[in-house]
Each structure stands twice: as structure tokens, then as C-alpha cells.
Amino acid sequence: MNTMWPRGLFMPNISYESFAWWSNYHMTVTLPEVEDLQQAALQDGDLPTGVVELARVHIADLEGCSPVERLGRIAPMLQGYLAHIAQRIAEPVFVPGVPHEPGTPFAAGIVGSGWSFARLIGTPMSQLMCEGLSFVGSLPDAHRAKRCRILADQLAIVGGGTRGREIVNWAEPLGLTVPTSGSFLGPTVAGAAATSTHGSRLGFGGTQDMIVGIHLVTAPDKHLWIERKGAPILSRAGLKALAKGGVVPEVRRDTELFEAALVHLGAMGIVAGLAIVLEPLELFSRFRVDRPLTPSMLEAIEQGKFKALARQLGRREKPVFYELTIDPHAPSGAHALHTLYLRGARSRHDRLQEHHSAPIGSEAVVRMASALLESGPRNAAAATLAASGPEEAASQSDPAEALIRALLDNHPSAFDFYRVTSGFSGDGRLWPPQSWGELHGSDALTGGVPGSLYNASFAIDRGNLSRALDAICHAVRQLPGTFIFTVRFVSNARGTLAFTRFPHCAVIEIDGLSPFICNKAAAHNDASGHPLPPEAVAGLRQLAHVLPSGAQAVRHALDQAGVDYSMHWGKLGGLDKAKVQHDFGNPDDEGSPLGRWTKAREQLVDDFWRNVFWSPAVKEYGIVR
């Protein structure tokens, strides 16, 4: 593949906005220096306070460059941001009201799409907003190493702020696509890899598994290109293009270093760009069926016999994707929801769905949040009382259950709403064949309602799934039905600190209604300005505690059942230093995963800048000091 790139003016830049408001998408990130104010605001249902300097990346003037040359010209811009941070660190005042002692480093604050629930993003001084660092391009033959074993047509260079959606929009018209993704295509690839975000592509790892080259900017005068040893990506000409900005990159061909940098947690510099491997475009049919989860099904899942599982569900094809959604209150009941992606799934007996959309489990949660915002809890409570009649209303002792029914069209739980409204049936329903990009049609799981979702994820050894489900469902049996359990499957995930650390993982997801939305609704008057009725306020305050309590109950249940587990770095559930060191070892032990990661970070990032590339979460987790 030979490509001619026209020459022109190349002027990437960063703009700065002082004293800007910022929060992550889920309204869960608070700033340590104003923690008390933050928590008070959240309890009252207000948006979290986050006044910082926002730095925004602009690279539109680089359209004429080859992808690697583009990275080379982006590097000085990002190095300039770090020089700006160094200057700010030396100043006595940075953000009014936020203490800063001159000469004391603070976090640089690198943000992609802002999707992380955890405080891996969000710092009190400055945020580098990387959504503008977005592009996709093929690697020209001249820039591809002669010994590169990846087919030229399947190798692409992407900017660090490139979202999954932008990649499939570029790749699929060329007959290519991504091998996996999370539940949707909204996060950036660099951000998804940073936390080892998983999909459910059977036999495959996480987002980080598609990465084969990493371009990091780690200081005002330093940037690096990292590859695995014996697996070259860039040729000498490619590396020369990477120096077009005037600073020669350091080249590291070191597999252990590379594996550590894959799941970087935002603490190894700015990810300027990545080399990724795409795969030939295929079409898959989504199949959905509502069948009880039987012991034989669980046995097939635990043994990785997904073709045998598919046969039990009425299909002869071997699935490439499988997702299980269960009712947390009745895991062995009459209903369990199975989603499969199948190749060539068509027979004369199949009746295809007329539409291509297929809601996912978290959309039931969003339905509750949307109802709260659209009509208010007063109207929801009134609707419930009117539907049940005066006598039954008088005996109503559970305002939370009444609210759930009102918010979900009289369905008793999020699981039941999802089961009825999302295309599941006892005999199964098949959708027309679609590409990966089409299968993942939404780029925002919360349907445009930021802050509506609470999510925690637990990775376990797939062979322990039956024992784990029994334990966690028993632990949450008394909680209101504002959440669902979804199980996804990945294997042999790459990355030294991948939370999917077992060779074959089942990842149990808890999706539920967030405390933020519940407290917001409870703390405000209805649309007509009247105070909410006491039963509505009581119900909402009760619902606000469900998910944090549920996540803690899941952790305790897994511990008590002796089921080893790890937690998603970027989600909720109370991950802490003790748990991290239990799972990944001590950073001072060079033989442990965390020790190897720490050693790699010391090789890639100089002393001063290690005190800049951090976040509140990685310090709370004990990953960096």
C-alpha cells in the first residue's frame, strides 16, 4: 500500500480555558481538596463541583500528514502542555480556592471521553482533554517494518483520543473492523486499554489486545515508541517520520515493558497514538433467547463449551460472542436472558426481527432515570397510587417498590423490564446480519442521561461461575430490583495489570440506578414547584443506597465463598490498596505483577514526571506513591 501525502502547514495546538466546570460523564468524580463540598452537593442532587483549567487538543491542520508523521508533529504540542504544567507547578497560585505550594507537583489530568466511573480521571488543577487527539490512518509500506508479521491492510495508526466508533466508521467501508470492544463504542481506545476494558468476544482478551505499538509522551523533551521484542511495527523511515516534530523518539523493543504499558492506568505519560490490528469485516446475527439457566448450561459455560451451550439454546452455530443476563433475585428461576452473535445464522425456520436495534441491560436502568427527569417522582408516585386504588395504596409499605413499578411501566424490576422490552423470547429471536459497528449501535449507554448509571465489575475464573452466582444472588436477595447482573467472557487478556487476570474469565457486571440520580430527584421540587410527597422522597433515598450496598454485598459474598476475584480499575465498588496488593502483589516485589509494572514505569517516566502522571485513584489503590 503506497500512499502520497500532500504537504502543507502543520500547526497542531492546545487551547486553554481557565476556571472551567468539569465532571466525568457519570457524575461520580469528586476532587479531594473540596471533598466535603462535593459530597454535600451530591446528597442534594447537584452537579459535582469541578473548577479547573481545561486544555483542549486541536489537530485539524494535520490532515495532510501520513499517520506516523502526524504523531511526530503532535508530540511537540503535547510536550508543550507538559512544559506548561511544569511552569504552573512553579507558580504560587493556580486555581483560586485550591491550595498549591509552589514547586509541589500535581497531576496533569489526562482525559479521553471521560467515561471512567472511578477517579482515574479528574484532578483539581488541570485537565488535558484528548478527544481532539483523534484520527485513523493506514500505515504506508515505507513506514512498516520489513519483518512485521501483520498484514499491511490490517495495520492502522490511531490517535490517543480516537473512539471505537471513529475506528469502525473508518475501517468498515474498507472491509475491516475491530476484533472486540466493550458494550459500546464511545470510549477512546487508549482509555479502554488503560483499564483493560473487556468485551465478550469468546477466546479473545480485552481492548488492549488489538494494540501492537504505543507512542508515549512523558516529558517536555521526551517521547517514546514501544513495541514487543521480535514484533517490529515501524521501519527506520517510520521512526524518522516520528521525529518530524524535531524531537527524536526513544525506541523500546521490550515485551515486558510493552505489556506493562498496555494497561497504563493513565500513569505512564500521554498516549499520543497507537498501532492497532484490525480484522476482516464479518457479519454476525444477534440471537436472543429467554431460557432458564440450567445446571447443564452452567457446566458448559464453566468448561468453555460454548457450541454445546448454543445447541442447548436452539442453535447449531458456534457463537463468537455470548452474554448472560440473570435476575439477581431469581438466578434459577423461569427466566435467564442469553445473547449470542453467530456466523451465517439463517435457516428457513428463522423469522428475522424487522429492526436492527437491540437494547442492552443498562437501558432498563436509564429508563428509570429518564422517567424521573421527565415526569418527576411526584408524578411517578401519584401514578402508582392511582393504579393500585385507595385500599391497596393505604397498605403500601415499600415506597421503593412502588417507585420502581411506576418508573418501569409497572414492571417489578429492571431485569423484568429488560426481559420484556428487549427482544427476548422462549423460542429465540434472530436479527439480520450486521457488522461489529452496527451491532454496537449506541455510543452512550445512558441514553443521553449523564449520571444515571452505577456500574461495578468483578472478574473471576470462569470455572467458579456457578458458585459465584449462588453466593452473590443470595447476598442481594433483599435489595430492591433497580439493577441486573450481566456476565461476559474473555480469555488470555494481555497487559501486566489486566484486571481480567485469570486465563479464562467470567466478568460479572452490576448495572443499576445511580445514587446521584436518586438524590437529585429526592432533593428537588417537582415541575410545578411543589415539594415531593414524603413517600416519594423516602423511596428515592432508599434507592440511592441500593447499588453501593449491593456492590459491597457482592464482594463480601465472593470472599466468604472463597471465590477469587479482581475488580475493574475504572468502575465502582470500593476497590482499595489492600485488594490491589492481594491480587497483583506489592510494588516493591519485582517478581509480582505490580512490581514489574512499577519497574516499567520507572524506566519510561523520569522522577519528576512520575509525580505528575497520577490520579486520585491510582494513589488510593496503592499503585503509585
# chains A, B, ... in the order shown; residues from 1 in each chain; ligands from 1
>>> select_by_dssp(residues="segment 507-543 of chain A", states="strand (DSSP E)", output="list in words")
Val507, Ile508, Glu509, Ile510, Asp511, Gly512 and Leu513 of chain A
>>> residues_around(residues="segment 591-601 of chain A", least_positions_apart="4", cutoff="6 Å", atoms="only C-alpha atoms", output="JSON list (two decimals) with C-alpha atoms, in the first residue's frame")
[["chain", "number", "residue", "atom", "x", "y", "z"],
["A", 257, "LEU", "CA", 7.85, -3.03, 29.04],
["A", 260, "ALA", "CA", 3.14, -3.08, 31.33],
["A", 496, "THR", "CA", 0.56, -6.87, 33.17],
["A", 584, "PHE", "CA", -1.27, -8.07, 41.98],
["A", 585, "GLY", "CA", 1.36, -8.09, 44.74],
["A", 587, "PRO", "CA", 5.12, -2.70, 44.16],
["A", 605, "VAL", "CA", 8.91, 8.10, 33.12]]
>>> closest_residue(among="A:Phe417, A:Phe19, A:Trp436, A:Trp569", to="Thr482 of chain A", atoms="only C-alpha atoms")
A:Phe417
>>> residues_around(residues="segment 224-236 of chain A", least_positions_apart="4", cutoff="10 Å", atoms="only C-alpha atoms", output="PyMOL selection string")
chain A and resi 68+75+139-150+155+211-218+240-242+248-259+261+269+271-275+604
>>> select_by_dssp(residues="segment 393-593 of chain A", states="helix (DSSP H, G or I)", output="ChimeraX atom specification")
/A:393-394,399-407,414-421,436-439,462-475,515-523,534-544,546-561,577-584,593
>>> residues_around(residues="segment 79-95 of chain A", least_positions_apart="5", cutoff="7 Å", atoms="only C-alpha atoms", output="PDB file with C-alpha atoms, in the first residue's frame")
ATOM      1  CA  VAL A  52     -10.202  23.546  36.770  1.00  0.00           C
ATOM      2  CA  HIS A 100      -0.953  24.708  45.994  1.00  0.00           C
ATOM      3  CA  GLU A 101       2.562  25.074  47.368  1.00  0.00           C
ATOM      4  CA  PRO A 102       4.988  26.314  44.682  1.00  0.00           C
ATOM      5  CA  GLY A 103       7.296  23.558  43.499  1.00  0.00           C
ATOM      6  CA  THR A 104       4.947  20.748  44.561  1.00  0.00           C
ATOM      7  CA  PRO A 105       3.954  18.650  41.544  1.00  0.00           C
ATOM      8  CA  ALA A 108      -1.597  16.545  34.800  1.00  0.00           C
ATOM      9  CA  MET A 125      -5.710  21.702  38.866  1.00  0.00           C
ATOM     10  CA  VAL A 217       4.917  11.495  25.537  1.00  0.00           C
ATOM     11  CA  ALA A 219       8.285  14.862  29.423  1.00  0.00           C
ATOM     12  CA  PRO A 220       8.755  18.227  27.659  1.00  0.00           C
ATOM     13  CA  ASP A 221      11.780  16.753  25.885  1.00  0.00           C
TER      14      ASP A 221
END
>>> atom_distance(atom1="atom CA of Ile276 of chain A", atom2="atom CA of Asp209 of chain A")
8.8 Å
>>> residues_around(residues="Val554 of chain A", least_positions_apart="2", cutoff="8 Å", atoms="only C-alpha atoms", output="PyMOL selection string")
chain A and resi 471-472+475-476+550-552+556-558
>>> closest_residue(among="A:Phe516, A:Phe489, A:Phe284, A:Phe608", to="Gly437 of chain A", atoms="only C-alpha atoms")
A:Phe284
>>> residues_around(residues="Trp115 of chain A", least_positions_apart="4", cutoff="9 Å", atoms="only C-alpha atoms", output="short mmCIF file (atom, residue, chain, number, x, y, z; two decimals) with N, CA, C and O atoms, in the first residue's frame")
data_model
loop_
_atom_site.label_atom_id
_atom_site.label_comp_id
_atom_site.auth_asym_id
_atom_site.auth_seq_id
_atom_site.Cartn_x
_atom_site.Cartn_y
_atom_site.Cartn_z
N ASN A 24 -16.78 14.06 35.21
CA ASN A 24 -16.84 12.91 34.31
C ASN A 24 -18.28 12.66 33.89
O ASN A 24 -19.23 13.25 34.44
N TYR A 25 -18.45 11.78 32.92
CA TYR A 25 -19.79 11.57 32.35
C TYR A 25 -20.78 11.05 33.40
O TYR A 25 -21.96 11.38 33.37
N HIS A 26 -20.31 10.25 34.32
CA HIS A 26 -21.20 9.59 35.27
C HIS A 26 -21.42 10.39 36.55
O HIS A 26 -22.12 9.92 37.45
N VAL A 111 -7.61 13.19 30.11
CA VAL A 111 -8.99 12.73 29.96
C VAL A 111 -9.26 12.40 28.49
O VAL A 111 -8.95 13.19 27.60
N ILE A 121 -9.65 9.61 36.39
CA ILE A 121 -9.67 10.92 35.75
C ILE A 121 -10.21 11.91 36.76
O ILE A 121 -10.92 11.55 37.69
N GLY A 186 -18.19 4.14 22.51
CA GLY A 186 -17.95 5.52 22.90
C GLY A 186 -16.60 5.82 23.51
O GLY A 186 -16.04 6.89 23.28
N PRO A 187 -15.99 4.91 24.30
CA PRO A 187 -14.70 5.22 24.91
C PRO A 187 -13.57 5.31 23.89
O PRO A 187 -13.65 4.72 22.80
N THR A 188 -12.51 6.03 24.24
CA THR A 188 -11.32 6.04 23.40
C THR A 188 -10.59 4.71 23.55
O THR A 188 -10.69 4.04 24.59
N GLY A 191 -8.07 4.95 26.39
CA GLY A 191 -8.71 4.90 27.69
C GLY A 191 -9.24 3.52 28.03
O GLY A 191 -9.13 3.06 29.17
N GLY A 570 -11.64 0.95 36.39
CA GLY A 570 -12.32 2.21 36.12
C GLY A 570 -13.76 2.26 36.59
O GLY A 570 -14.49 3.18 36.22
#
